[in-house]
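In what follows, a single structure is set out as structure tokens and then discussed.
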Amino acid sequence: AGRVVGEFLDEIEPVIFAFGAAITLLFVGAFSLNPDASYEFVLGIRRWILDTFNWFFLLAMLGFVLFLGFVIFGPWGNLKLGDEDPEYGFLSYFAMMYSAGLAAGIVFWGPAEALFHYSTVPPLYGAEAQSSAAMPLAVQYSIFHWSLTQWSCFTVMGLAIGYFVYNYDAPLRVSAVLTPILGADNVDGAIGKVVDILAVFATLGGVATSLGFIGSQFITGLNFQWGIQLGDVGTILVITGMVVIFTISLVLGVDKGIRRLSNFNMIMFALLMLATLIFGPTFRILELGTQATGGFIGDLFQMSLFTQATTTSASKWVNAWTVFYWLWPLAWSPFAGLFIARISRGRSVREVAFAGIGATSLATVPWFAIVGGAGVIMQHTGAANVLGPVSEYGEAVSGYVLFGNLPIAGPVLLLAFLVLVTTFFVTSADSSTLAVSMMTTGGKEEPSALNRIFWAALQGAVASILMVVGGVNALQSAAIITGAPFAVICVIATLGLIRTFQDDYGSLLLQDETNLLGKSESTGGQAPAANVSSHDDD
């Protein structure tokens with residue numbers, strides 16, 4: 001025991017560890033003592049950020065998508081993160097990346113979001129609510145909110161951290177993105193520590209909120225489906241059970257725990273989606289999904305830059321939905337980026353960028369087209385009343401209604417849906433806790449088991465206390481507030497990558513030309529044209 005504690009104390013970075021934990025505990029303490037006043041204070045800051053800077057978040061997130069698109073199709077994609085071979089096969093790598101991101105949210109909102117846009121059509125379009133014309137628009141907007149753009153900030157962060165860690169020897173921490181400005185040797189300074197402390201708080205806030213989010217889905221479902229009402233003790237037991245599950249997976253490590261669970265998640269995800277298509281109104285889903293996907297591709301720029309400028313700030317739909325959705329992954333970007341960097345060593349820049357926004361979108365678009373489309377069609381045709389229970393119990397109940405009303409396999413699919421939400425959350429919680437452990441140990445790739453258990457337990461405690469005192473919405477607002485500075489940090493990371501990729505690609509070309517010139521002189525002047533793709537990892 002003494003040796004374990006000694007290892008824990010030796011590895012921690014005291015400033016980041018102490019401040020990260022202290023800010024989180026201070027926040028929870030304020031809410032426990034005075035929930036109403038704390039909530040109003042946090043809500044006020046959140047409103048000001050959304051009203052003042054919504055245009056910036058919209059521009060920045062679209063900018064990340066365009067940058068990554070250029071990386072995928074342009075010459076910089078041939079650059080690599082370090083010189084080693086990749087640690088994992090591409091399918092396992094993608095499964096871990098998907099599970100570490102917002103996959104639990106994707107599963108949770110799949111049956112729900114399109115229904116909201118069907119009952120209240122986004123103001124960019126003039127269709128009548130709950131009409132046939134509203135159906136493809138509802139699915140289109142849910143695809144837009146959860147595919148390309150949400151994943152772009154994770155991917156930019158992962159690329160920047162990974163590239164500067166494996167190519168420039170920066171420490172494996174979020175502050176590595178400052179390498180082009182400060183230099184790899186100086187990211188340990190005061191500015192880097194502030195970024196890492198903020199990253200710890202954003203991660204704890206984001207994951208504790210999701211823990212409450214998934215816990216509420218269980219509690220709502222038990223009440224709706226079977227009439228079981230859990231009190232505060234029951235709520236704490238549900239949260240504790242989830243913490244125990246993800247702590248076991250976490251202690252097993254990336255390969256035995258996170259990788260295996262991620263692969264299981266993706267198989268279950270595909271099977272549930274396929275079953276919904278087969279047992280639901282198959283051809284209507286395909287017809288609606290095709291139109292919604294076309295609308296998403298055709299209106300991408302219009303939806304991305306829609307600020308709703310003519311409406312008063314207090315009632316802006318775009319702030320409550322699109323801008324809110326962009327700030328949420330921005331708050332998660334430090335831990336998701338750090339985890340992506342941790343599993344991306346040896347991959348080409350193109351592979352990381354494609355896995356981050358291309359492969360994730362190829363999984364997400366069909367999910368919302370099929371599951372979201374099925375919900376809208378069943379509501380519109382009267383096959384199921386999903387909106388009624390949603391208005392009474394909240395969006396957490398939509399999955400129960402949708403899967404419970406599918407013929408033949410309904411109960412089995414409902415169980416699969418609950419298992420999938422839980423296991424996706426467990427992998428998100430695993431990767432985030434691992435990321436916090438890495439940040440608070442100065443960038444250690446394999447932090448001690450005690451360090452991981454400490455942060456897992458703290459996340460569980462935060463979620464339990466806030467669910468009981470009713471502060472989960474406030475914690476969500478706080479996570480959004482921390483997303484705002486990370487929008488700036490992601491922009492800095494992107495600009496740093498552009499400059500670095502330009503320099504490194506130029507050096508690579510020059511090196512190739514020099515080598516070929518030498519070869520040409522020794523072979524009598526016959527030299528092939530310089531080809532950088534020989535450095536590609538593919």
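In the structure tokens, each chain is lettered A, B, ... as it comes, each chain's residues begin at 1, and ligands are numbered from 1 in order of appearance.
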
Quick one: everything within 9 Å of Thr203 (chain A), counting only C-alpha atoms, minus sequence neighbours fewer than 5 positions away in the same chain. Send it as an MDAnalysis selection string.
-> chainID A and resid 198 208 331:336 432:433 435:436 479

Hey, what's within 8 Å of region 237-254 of chain A if we count only C-alpha atoms and toss same-chain stuff fewer than 3 positions away? As number ranges by chain, please?
-> A: 211-212, 215, 233-234, 257-259, 422, 426-427, 429-431, 433-434, 449, 452-453, 456-457, 460, 463-464

Export all heavy atoms of the chosen residues as a short mmCIF file (atom, residue, chain, number, x, y, z; two decimals), in the first residue's frame?
```
data_model
loop_
_atom_site.label_atom_id
_atom_site.label_comp_id
_atom_site.auth_asym_id
_atom_site.auth_seq_id
_atom_site.Cartn_x
_atom_site.Cartn_y
_atom_site.Cartn_z
N LEU A 211 -22.65 12.00 -16.72
CA LEU A 211 -22.97 10.95 -15.76
C LEU A 211 -24.37 11.19 -15.20
O LEU A 211 -25.19 10.27 -15.10
CB LEU A 211 -21.93 10.97 -14.64
CG LEU A 211 -21.83 9.77 -13.70
CD1 LEU A 211 -21.73 8.48 -14.47
CD2 LEU A 211 -20.62 9.93 -12.79
N GLY A 212 -24.67 12.45 -14.88
CA GLY A 212 -26.01 12.81 -14.42
C GLY A 212 -27.05 12.60 -15.51
O GLY A 212 -28.16 12.14 -15.26
N GLY A 215 -27.58 8.89 -15.99
CA GLY A 215 -28.29 8.45 -14.79
C GLY A 215 -29.76 8.84 -14.85
O GLY A 215 -30.65 8.03 -14.52
N VAL A 233 -31.37 8.38 -2.50
CA VAL A 233 -30.47 7.24 -2.26
C VAL A 233 -30.37 6.39 -3.52
O VAL A 233 -29.28 5.96 -3.92
CB VAL A 233 -30.96 6.39 -1.06
CG1 VAL A 233 -30.10 5.14 -0.90
CG2 VAL A 233 -30.94 7.21 0.21
N GLY A 234 -31.51 6.14 -4.16
CA GLY A 234 -31.51 5.36 -5.39
C GLY A 234 -30.71 6.03 -6.50
O GLY A 234 -29.97 5.36 -7.24
N GLY A 257 -9.16 -2.67 -21.46
CA GLY A 257 -10.45 -2.10 -21.08
C GLY A 257 -11.11 -1.30 -22.19
O GLY A 257 -12.10 -1.74 -22.78
N ILE A 258 -10.53 -0.14 -22.51
CA ILE A 258 -11.18 0.81 -23.41
C ILE A 258 -11.31 0.25 -24.83
O ILE A 258 -12.35 0.37 -25.46
CB ILE A 258 -10.42 2.17 -23.41
CG1 ILE A 258 -10.45 2.78 -22.00
CG2 ILE A 258 -11.01 3.13 -24.43
CD1 ILE A 258 -9.62 4.04 -21.84
N ARG A 259 -10.25 -0.41 -25.33
CA ARG A 259 -10.30 -0.90 -26.72
C ARG A 259 -11.38 -1.97 -26.90
O ARG A 259 -12.18 -1.92 -27.83
CB ARG A 259 -8.93 -1.48 -27.13
CG ARG A 259 -8.89 -2.01 -28.57
CD ARG A 259 -7.53 -2.58 -28.92
NE ARG A 259 -7.20 -3.74 -28.12
CZ ARG A 259 -7.61 -4.99 -28.39
NH1 ARG A 259 -8.39 -5.22 -29.43
NH2 ARG A 259 -7.23 -6.00 -27.63
N THR A 422 -25.17 3.02 -21.82
CA THR A 422 -24.30 2.82 -20.66
C THR A 422 -22.86 2.56 -21.09
O THR A 422 -21.93 3.18 -20.57
CB THR A 422 -24.81 1.64 -19.81
OG1 THR A 422 -26.18 1.84 -19.50
CG2 THR A 422 -24.02 1.52 -18.51
N VAL A 426 -19.54 4.70 -20.47
CA VAL A 426 -18.40 4.14 -19.72
C VAL A 426 -17.09 4.42 -20.46
O VAL A 426 -16.09 4.83 -19.84
CB VAL A 426 -18.60 2.62 -19.48
CG1 VAL A 426 -17.30 1.95 -19.03
CG2 VAL A 426 -19.67 2.40 -18.43
N THR A 427 -17.07 4.24 -21.80
CA THR A 427 -15.83 4.50 -22.54
C THR A 427 -15.50 5.99 -22.57
O THR A 427 -14.33 6.37 -22.52
CB THR A 427 -15.90 3.94 -23.97
OG1 THR A 427 -17.19 4.20 -24.52
CG2 THR A 427 -15.65 2.46 -24.00
N ALA A 429 -16.25 8.10 -20.14
CA ALA A 429 -15.77 8.37 -18.79
C ALA A 429 -14.36 7.81 -18.60
O ALA A 429 -13.51 8.44 -17.97
CB ALA A 429 -16.73 7.75 -17.77
N ASP A 430 -14.09 6.61 -19.16
CA ASP A 430 -12.75 6.02 -19.10
C ASP A 430 -11.71 6.95 -19.70
O ASP A 430 -10.69 7.27 -19.08
CB ASP A 430 -12.69 4.74 -19.97
CG ASP A 430 -13.28 3.55 -19.28
OD1 ASP A 430 -13.59 3.67 -18.09
OD2 ASP A 430 -13.42 2.51 -19.93
N SER A 431 -11.98 7.36 -20.95
CA SER A 431 -10.98 8.15 -21.68
C SER A 431 -10.80 9.52 -21.05
O SER A 431 -9.69 10.06 -21.01
CB SER A 431 -11.37 8.27 -23.16
OG SER A 431 -12.71 8.63 -23.29
N THR A 433 -11.24 10.27 -17.79
CA THR A 433 -10.52 10.12 -16.53
C THR A 433 -9.04 9.84 -16.80
O THR A 433 -8.16 10.36 -16.10
CB THR A 433 -11.13 8.97 -15.69
OG1 THR A 433 -12.53 9.18 -15.60
CG2 THR A 433 -10.55 8.95 -14.29
N LEU A 434 -8.76 9.05 -17.83
CA LEU A 434 -7.37 8.81 -18.22
C LEU A 434 -6.70 10.12 -18.62
O LEU A 434 -5.55 10.40 -18.25
CB LEU A 434 -7.31 7.81 -19.39
CG LEU A 434 -5.92 7.46 -19.93
CD1 LEU A 434 -5.09 6.76 -18.87
CD2 LEU A 434 -6.03 6.58 -21.18
N ALA A 449 -2.81 3.35 -11.06
CA ALA A 449 -4.20 2.97 -10.84
C ALA A 449 -4.86 3.86 -9.79
O ALA A 449 -6.02 4.25 -9.92
CB ALA A 449 -4.28 1.50 -10.42
N ARG A 452 -6.00 7.15 -11.26
CA ARG A 452 -7.22 7.00 -12.07
C ARG A 452 -8.45 6.82 -11.17
O ARG A 452 -9.50 7.39 -11.43
CB ARG A 452 -7.09 5.78 -12.99
CG ARG A 452 -5.90 5.89 -13.96
CD ARG A 452 -5.83 4.65 -14.85
NE ARG A 452 -4.49 4.48 -15.38
CZ ARG A 452 -4.22 3.70 -16.41
NH1 ARG A 452 -5.17 3.02 -17.02
NH2 ARG A 452 -2.98 3.56 -16.85
N ILE A 453 -8.28 6.01 -10.11
CA ILE A 453 -9.40 5.76 -9.19
C ILE A 453 -9.82 7.05 -8.48
O ILE A 453 -11.01 7.32 -8.31
CB ILE A 453 -9.03 4.65 -8.17
CG1 ILE A 453 -8.93 3.30 -8.88
CG2 ILE A 453 -10.05 4.58 -7.03
CD1 ILE A 453 -8.25 2.21 -8.06
N ALA A 456 -11.85 9.17 -10.93
CA ALA A 456 -13.13 8.50 -11.20
C ALA A 456 -14.09 8.72 -10.02
O ALA A 456 -15.27 9.05 -10.20
CB ALA A 456 -12.92 7.01 -11.43
N ALA A 457 -13.56 8.55 -8.80
CA ALA A 457 -14.39 8.72 -7.60
C ALA A 457 -14.86 10.17 -7.47
O ALA A 457 -16.01 10.44 -7.11
CB ALA A 457 -13.60 8.31 -6.36
N GLY A 460 -17.72 10.80 -9.85
CA GLY A 460 -18.95 10.21 -9.32
C GLY A 460 -19.55 11.04 -8.20
O GLY A 460 -20.77 11.25 -8.14
N ALA A 463 -21.17 14.24 -9.64
CA ALA A 463 -22.45 13.95 -10.30
C ALA A 463 -23.54 13.64 -9.28
O ALA A 463 -24.67 14.12 -9.39
CB ALA A 463 -22.28 12.79 -11.27
N SER A 464 -23.20 12.83 -8.28
CA SER A 464 -24.20 12.44 -7.26
C SER A 464 -24.72 13.66 -6.50
O SER A 464 -25.93 13.85 -6.36
CB SER A 464 -23.60 11.45 -6.27
OG SER A 464 -23.26 10.26 -6.91
#
```

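Distances to Thr155 (chain A) were evaluated for A:Val207, A:Leu330, A:Leu33, A:Ile408 using only C-alpha atoms, and the minimum falls at A:Leu330.
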
Near region 84-91 of chain A, counting only C-alpha atoms, which residues have an atom at most 6 Å away, once you skip same-chain residues fewer than 2 positions from it, shown as JSON, numbers by chain?
-> {"A": [82, 93, 94, 345, 346, 347]}

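The smallest atom-to-atom distance between Ala133 (chain A) and any of A:Ala292, A:Val323, A:Ala60, A:Ile370, using only C-alpha atoms, is found for A:Ala292.
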
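Neighbouring residues of Gly101 (chain A) at 7 Å or closer, counting only C-alpha atoms and skipping chain neighbours under 2 positions away, are Met97, Tyr98, Ser99, Ala103, Ala336 and Ser428 of chain A.
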
Using all heavy atoms, can you export the residues from the last selection as a compact mmCIF listing (two decimals), in the first residue's frame?
```
# COMPACT_ATOMS: atom_id res chain seq x y z
N MET A 97 -11.90 6.18 -30.78
CA MET A 97 -12.11 7.61 -31.01
C MET A 97 -13.60 7.95 -30.91
O MET A 97 -13.99 8.93 -30.27
CB MET A 97 -11.55 8.02 -32.38
CG MET A 97 -11.57 9.52 -32.62
SD MET A 97 -11.06 9.98 -34.30
CE MET A 97 -9.29 9.86 -34.16
N TYR A 98 -14.44 7.12 -31.53
CA TYR A 98 -15.89 7.36 -31.54
C TYR A 98 -16.46 7.25 -30.13
O TYR A 98 -17.25 8.08 -29.68
CB TYR A 98 -16.57 6.36 -32.47
CG TYR A 98 -17.96 6.77 -32.91
CD1 TYR A 98 -18.13 7.82 -33.80
CD2 TYR A 98 -19.08 6.11 -32.45
CE1 TYR A 98 -19.40 8.21 -34.23
CE2 TYR A 98 -20.36 6.49 -32.87
CZ TYR A 98 -20.50 7.54 -33.76
OH TYR A 98 -21.76 7.92 -34.17
N SER A 99 -16.03 6.22 -29.42
CA SER A 99 -16.54 5.99 -28.07
C SER A 99 -16.07 7.06 -27.09
O SER A 99 -16.78 7.39 -26.14
CB SER A 99 -16.10 4.61 -27.57
OG SER A 99 -16.64 3.58 -28.35
N ALA A 103 -20.35 9.90 -28.32
CA ALA A 103 -21.19 8.78 -28.76
C ALA A 103 -22.36 8.53 -27.81
O ALA A 103 -23.46 8.20 -28.26
CB ALA A 103 -20.34 7.52 -28.91
N ALA A 336 -10.93 14.93 -24.96
CA ALA A 336 -11.08 14.10 -26.17
C ALA A 336 -9.83 14.24 -27.04
O ALA A 336 -9.33 13.25 -27.59
CB ALA A 336 -12.32 14.52 -26.95
N SER A 428 -16.52 6.86 -22.64
CA SER A 428 -16.26 8.31 -22.56
C SER A 428 -15.67 8.67 -21.20
O SER A 428 -14.71 9.44 -21.10
CB SER A 428 -17.55 9.11 -22.76
OG SER A 428 -18.01 8.98 -24.07
```

Within 6 Å of region 358-364 of chain A, counting only C-alpha atoms, which residues show up once you throw out same-chain ones fewer than 2 positions away? Write them as JSON, numbers by chain, please.
-> {"A": [147, 148, 354, 355, 366, 367]}

Please tabulate, as a Markdown table, the residues of region 36-72 of chain A that come within 12 Å of region 492-509 of chain A, each with its closest pair of atoms and the distance in Å to one decimal, counting only C-alpha atoms and ordering rows by chain, then residue number upward.
```
| residue | atom | partner | partner_atom | distance |
| --- | --- | --- | --- | --- |
| A:Ala60 | CA | A:Thr494 | CA | 10.0 |
| A:Met61 | CA | A:Thr494 | CA | 11.0 |
| A:Gly63 | CA | A:Thr494 | CA | 9.1 |
| A:Phe64 | CA | A:Thr494 | CA | 7.4 |
| A:Val65 | CA | A:Thr494 | CA | 10.8 |
| A:Leu66 | CA | A:Thr494 | CA | 10.9 |
| A:Phe67 | CA | A:Thr494 | CA | 7.8 |
| A:Leu68 | CA | A:Thr494 | CA | 9.4 |
| A:Phe70 | CA | A:Ile498 | CA | 10.5 |
| A:Val71 | CA | A:Ile498 | CA | 9.6 |
```

As a PyMOL selection string, please: all residues of region 184-343 of chain A that backbone DSSP puts in alpha helix (DSSP H).
-> chain A and resi 190-226+232-253+260-279+282-298+300-304+317-318+324-343

Can you tell me, as a ChimeraX atom specification, what residues are no more than 7 Å from region 380-391 of chain A when counting only C-alpha atoms, ignoring any on the same chain fewer than 3 positions away?
-> /A:376-377,394-395,397-398,401-402,405

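Of the listed residues (A:Thr514, A:Thr307, A:Asn54, A:Ser477), A:Ser477 comes nearest to Glu40 (chain A); the distances count only C-alpha atoms.
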